[in-house]
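A.B. asks: What follows is a single structure, and I will ask about it in a moment.
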Amino acid sequence: MDEFFVEKNASATGAHVVHNGCCPSLPAKDALHLIGVRSNTAAPLKEAANWFSASSPCPECIPAK
Ligand SMILES: [Zn+2]
């Protein structure tokens with residue numbers, strides 16, 4: 001089980017990046033919205049849509065399938 005976060009600020013592409021809590025590139029906590037502890041990466045990516053219209057997985061901590 002890992003803790004997931006979504007960045008409050010959009011990236012250059014307009015998407016809000018979703019991170020695993022152990023990401024080496026994790027921004028400061030005040031720039032992050034806590035999604036919660038999840039057992040997979042699909043759930044937090046879907047839940048990011050509850051706060052932001054566009055989101056994308058961090059390439060460093062959430063590998064593409
Ligand atoms: Zn990351």
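Here's how to read the names in the structure tokens: chain A, B, ... by the order shown, residue numbers from 1 in each chain, ligand numbers from 1 in the order shown.
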Can you list, as a PyMOL selection string, all residues belonging to chain A that DSSP tags as strand (DSSP E or B)?
C.D. replies: chain A and resi 2-7+16-20+32-38+55-57
A.B. asks: Within 10 Å of ligand 1, counting only C-alpha atoms and all ligand atoms, which protein or nucleic acid residues do you find, written as a ChimeraX atom specification?
C.D. replies: /A:4-7,17-27,57-63
A.B. asks: Take the selection from the previous step and output its residues with N, CA and C atoms, as a short mmCIF file (atom, residue, chain, number, x, y, z; two decimals), in the first residue's frame.
C.D. replies:
```cif
data_model
loop_
_atom_site.label_atom_id
_atom_site.label_comp_id
_atom_site.auth_asym_id
_atom_site.auth_seq_id
_atom_site.Cartn_x
_atom_site.Cartn_y
_atom_site.Cartn_z
N PHE A 4 -0.56 8.32 -2.08
CA PHE A 4 -0.50 9.04 -3.35
C PHE A 4 -0.91 10.50 -3.17
N PHE A 5 -0.30 11.34 -4.00
CA PHE A 5 -0.55 12.79 -3.96
C PHE A 5 -0.78 13.29 -5.38
N VAL A 6 -1.50 14.42 -5.52
CA VAL A 6 -1.60 15.09 -6.80
C VAL A 6 -1.13 16.53 -6.60
N GLU A 7 -0.36 17.02 -7.58
CA GLU A 7 0.15 18.40 -7.48
C GLU A 7 -1.00 19.39 -7.64
N VAL A 17 0.07 16.48 -11.96
CA VAL A 17 0.85 15.24 -11.90
C VAL A 17 0.56 14.49 -10.61
N VAL A 18 0.29 13.17 -10.75
CA VAL A 18 0.03 12.29 -9.61
C VAL A 18 1.33 11.59 -9.23
N HIS A 19 1.66 11.62 -7.91
CA HIS A 19 2.90 11.00 -7.41
C HIS A 19 2.61 9.96 -6.35
N ASN A 20 3.52 9.00 -6.30
CA ASN A 20 3.64 8.10 -5.15
C ASN A 20 4.36 8.88 -4.05
N GLY A 21 3.99 8.66 -2.79
CA GLY A 21 4.61 9.39 -1.69
C GLY A 21 6.10 9.19 -1.55
N CYS A 22 6.65 8.12 -2.13
CA CYS A 22 8.09 7.86 -2.03
C CYS A 22 8.84 8.34 -3.27
N CYS A 23 8.19 9.16 -4.10
CA CYS A 23 8.81 9.66 -5.33
C CYS A 23 10.03 10.52 -5.02
N PRO A 24 11.16 10.32 -5.74
CA PRO A 24 12.34 11.16 -5.52
C PRO A 24 12.14 12.61 -5.97
N SER A 25 11.14 12.84 -6.82
CA SER A 25 10.87 14.20 -7.31
C SER A 25 9.62 14.81 -6.69
N LEU A 26 9.20 14.27 -5.55
CA LEU A 26 7.98 14.76 -4.91
C LEU A 26 8.15 16.23 -4.50
N PRO A 27 7.20 17.09 -4.93
CA PRO A 27 7.29 18.51 -4.53
C PRO A 27 7.02 18.69 -3.03
N PRO A 57 0.19 10.59 -14.77
CA PRO A 57 1.08 9.92 -13.82
C PRO A 57 2.49 10.46 -13.93
N CYS A 58 3.16 10.58 -12.78
CA CYS A 58 4.57 10.97 -12.78
C CYS A 58 5.39 9.85 -13.41
N PRO A 59 6.22 10.17 -14.40
CA PRO A 59 7.01 9.12 -15.06
C PRO A 59 8.08 8.50 -14.17
N GLU A 60 8.43 9.18 -13.08
CA GLU A 60 9.48 8.66 -12.20
C GLU A 60 8.95 7.64 -11.18
N CYS A 61 7.73 7.86 -10.69
CA CYS A 61 7.25 7.00 -9.61
C CYS A 61 6.03 6.16 -9.99
N ILE A 62 5.40 6.47 -11.13
CA ILE A 62 4.26 5.67 -11.57
C ILE A 62 4.55 5.23 -13.01
N PRO A 63 5.20 4.08 -13.17
CA PRO A 63 5.59 3.63 -14.50
C PRO A 63 4.38 3.40 -15.40
#
```
A.B. asks: Neighbours of A:Met1 within 8 Å (only C-alpha atoms; same-chain residues fewer than 3 positions away dropped), as a PDB file with N, CA and C atoms, in the first residue's frame?
C.D. replies:
```pdb
ATOM      1  N   VAL A  37      -4.078   6.494   0.757  1.00  0.00           N
ATOM      2  CA  VAL A  37      -3.322   5.257   0.619  1.00  0.00           C
ATOM      3  C   VAL A  37      -4.114   4.300  -0.284  1.00  0.00           C
ATOM      4  N   ARG A  38      -3.460   3.842  -1.333  1.00  0.00           N
ATOM      5  CA  ARG A  38      -4.122   2.950  -2.289  1.00  0.00           C
ATOM      6  C   ARG A  38      -3.203   1.760  -2.580  1.00  0.00           C
ATOM      7  N   SER A  39      -3.805   0.670  -3.001  1.00  0.00           N
ATOM      8  CA  SER A  39      -3.038  -0.546  -3.259  1.00  0.00           C
ATOM      9  C   SER A  39      -2.601  -0.667  -4.714  1.00  0.00           C
ATOM     10  N   ASN A  40      -3.013   0.284  -5.559  1.00  0.00           N
ATOM     11  CA  ASN A  40      -2.602   0.250  -6.968  1.00  0.00           C
ATOM     12  C   ASN A  40      -2.487   1.678  -7.474  1.00  0.00           C
TER      13      ASN A  40
END
```
A.B. asks: When you draw a straight line from atom CA of A:Asn9 to atom CA of A:Ala31, how long is it in Å?
C.D. replies: 7.1 Å
A.B. asks: Please provide the set of residues having any atom within 12 Å of A:Ala49, restricted to only C-alpha atoms, with same-chain residues fewer than 2 positions apart removed, written as a PyMOL selection string.
C.D. replies: chain A and resi 6+15-18+35+42-47+51-56
A.B. asks: Looking only at helix (DSSP H, G or I) from DSSP on the backbone, list the matching residues of chain A as a list in words.
C.D. replies: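 Of chain A, only Lys29, Asp30, Ala31, Ala42, Ala43, Pro44, Leu45, Lys46, Glu47, Ala48, Ala49 and Asn50 of chain A fall in helix (DSSP H, G or I).
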